[in-house]
Amino acid sequence: MKFLGNVIWLVFGGFEAAVMWALFGVLWCVTIVGIPVGVQCFKAASLVIWPFGKEVVSKGGVGSFIVNVIWFFIGGLVMALTHLLVGAVYCITVIGIPFGLQHFKFAKLAIMPFGAEIR
């Protein structure tokens, strides 16, 4: 069932969401200082492209918290609001609820990507 969910997800919006995360990663990697943030964006893009059957676990410390605060104001808020809005639209229909829940998972990841582990 996970495979079918992932295939449907990929066709109906997963690819676009992964491209959005990858684009943020490329923009961050343009600067030397932003490379660690870009790497986190690429990790998130790999989750976004094939999300069913995976979960995000937060394991951050003080350093991760500081970088997450900086990330929140520079790019995380926009990403989180986008995922929340798209997730709410998906949840309007019963069929779209699993896809909306995936977007809510990504919104949480968009707020705090540092210290998050994808399982």
# chains A, B, ... in the order shown; residues from 1 in each chain; ligands from 1
$ residues_around --residues "Gly60 of chain A" --least-positions-apart "2" --cutoff "6 Å" --atoms "only C-alpha atoms" --output "list of chain:residue names"
A:Ser58, A:Ser64, A:Gly115
$ write_last_selection --atoms "N, CA and C atoms" --output "tab-separated table (two decimals), in the first residue's frame"
chain	number	residue	atom	x	y	z
A	58	SER	N	12.70	14.14	15.68
A	58	SER	CA	13.57	15.25	16.09
A	58	SER	C	14.56	14.78	17.15
A	64	SER	N	21.46	22.78	16.99
A	64	SER	CA	20.38	22.61	16.00
A	64	SER	C	19.28	23.63	16.23
A	115	GLY	N	18.58	18.68	13.08
A	115	GLY	CA	18.40	17.74	14.18
A	115	GLY	C	17.31	16.73	13.91
$ closest_residue --among "A:Val78, A:Val33, A:Ile70, A:Val11" --to "Ala107 of chain A" --atoms "only C-alpha atoms"
A:Val78
$ residues_around --residues "Lys108 of chain A" --least-positions-apart "5" --cutoff "10 Å" --atoms "only C-alpha atoms" --output "number ranges by chain"
A: 56, 58, 76, 79-80, 83-84, 103, 113, 116
$ write_last_selection --atoms "N, CA and C atoms" --output "PDB file, in the first residue's frame"
ATOM      1  N   VAL A  56       9.597  11.362  10.530  1.00  0.00           N
ATOM      2  CA  VAL A  56      10.609  12.332  10.921  1.00  0.00           C
ATOM      3  C   VAL A  56      10.681  12.364  12.442  1.00  0.00           C
ATOM      4  N   SER A  58      12.704  14.140  15.682  1.00  0.00           N
ATOM      5  CA  SER A  58      13.569  15.251  16.088  1.00  0.00           C
ATOM      6  C   SER A  58      14.556  14.785  17.146  1.00  0.00           C
ATOM      7  N   GLY A  76      12.176  28.856   6.352  1.00  0.00           N
ATOM      8  CA  GLY A  76      11.316  27.833   6.928  1.00  0.00           C
ATOM      9  C   GLY A  76       9.868  28.236   7.059  1.00  0.00           C
ATOM     10  N   MET A  79       8.130  27.878   3.675  1.00  0.00           N
ATOM     11  CA  MET A  79       7.954  26.464   3.334  1.00  0.00           C
ATOM     12  C   MET A  79       6.857  25.844   4.194  1.00  0.00           C
ATOM     13  N   ALA A  80       6.860  26.127   5.488  1.00  0.00           N
ATOM     14  CA  ALA A  80       5.867  25.548   6.395  1.00  0.00           C
ATOM     15  C   ALA A  80       4.456  26.027   6.044  1.00  0.00           C
ATOM     16  N   HIS A  83       3.249  24.223   2.897  1.00  0.00           N
ATOM     17  CA  HIS A  83       2.828  22.845   3.166  1.00  0.00           C
ATOM     18  C   HIS A  83       1.525  22.806   3.964  1.00  0.00           C
ATOM     19  N   LEU A  84       1.341  23.724   4.906  1.00  0.00           N
ATOM     20  CA  LEU A  84       0.084  23.764   5.665  1.00  0.00           C
ATOM     21  C   LEU A  84      -1.098  24.093   4.766  1.00  0.00           C
ATOM     22  N   HIS A 103       1.685  16.394   3.948  1.00  0.00           N
ATOM     23  CA  HIS A 103       2.082  17.803   3.887  1.00  0.00           C
ATOM     24  C   HIS A 103       2.222  18.394   5.287  1.00  0.00           C
ATOM     25  N   PRO A 113      14.265  21.663  10.461  1.00  0.00           N
ATOM     26  CA  PRO A 113      14.938  20.601   9.714  1.00  0.00           C
ATOM     27  C   PRO A 113      16.253  20.130  10.358  1.00  0.00           C
ATOM     28  N   ALA A 116      16.682  16.825  12.738  1.00  0.00           N
ATOM     29  CA  ALA A 116      15.630  15.870  12.381  1.00  0.00           C
ATOM     30  C   ALA A 116      16.252  14.675  11.666  1.00  0.00           C
TER      31      ALA A 116
END
$ closest_residue --among "A:Val37, A:Ala18, A:Ala88, A:Ile111" --to "Val69 of chain A" --atoms "only C-alpha atoms"
A:Ile111
$ select_by_dssp --residues "chain A" --states "helix (DSSP H, G or I)" --output "ChimeraX atom specification"
/A:2-29,35-49,62-90,97-111
$ residues_around --residues "Leu77 of chain A" --least-positions-apart "4" --cutoff "8 Å" --atoms "only C-alpha atoms" --output "PDB file with N, CA and C atoms, in the first residue's frame"
ATOM      1  N   PHE A  72      14.179  29.346  10.276  1.00  0.00           N
ATOM      2  CA  PHE A  72      12.759  29.671  10.347  1.00  0.00           C
ATOM      3  C   PHE A  72      12.468  31.023   9.718  1.00  0.00           C
ATOM      4  N   PHE A  73      13.290  32.013  10.024  1.00  0.00           N
ATOM      5  CA  PHE A  73      13.030  33.358   9.528  1.00  0.00           C
ATOM      6  C   PHE A  73      13.483  33.561   8.087  1.00  0.00           C
ATOM      7  N   LEU A  81       4.302  27.306   5.776  1.00  0.00           N
ATOM      8  CA  LEU A  81       2.978  27.823   5.419  1.00  0.00           C
ATOM      9  C   LEU A  81       2.485  27.229   4.098  1.00  0.00           C
ATOM     10  N   ALA A 110       9.737  21.527   7.840  1.00  0.00           N
ATOM     11  CA  ALA A 110      10.140  22.833   7.332  1.00  0.00           C
ATOM     12  C   ALA A 110      10.427  23.814   8.456  1.00  0.00           C
ATOM     13  N   ILE A 111       9.766  23.636   9.583  1.00  0.00           N
ATOM     14  CA  ILE A 111      10.024  24.530  10.708  1.00  0.00           C
ATOM     15  C   ILE A 111      11.333  24.176  11.399  1.00  0.00           C
TER      16      ILE A 111
END
$ closest_residue --among "A:Met1, A:Val67, A:Ala45, A:Ile35" --to "Val19 of chain A" --atoms "only C-alpha atoms"
A:Ala45
$ residues_around --residues "Leu47 of chain A" --least-positions-apart "2" --cutoff "12 Å" --atoms "only C-alpha atoms" --output "ChimeraX atom specification"
/A:6,9-10,14-15,17-19,21-22,40-45,49-56,102-103,105-106,109-110,113,116-119
$ atom_distance --atom1 "atom CA of Gly100 of chain A" --atom2 "atom CA of Leu27 of chain A"
26.7 Å
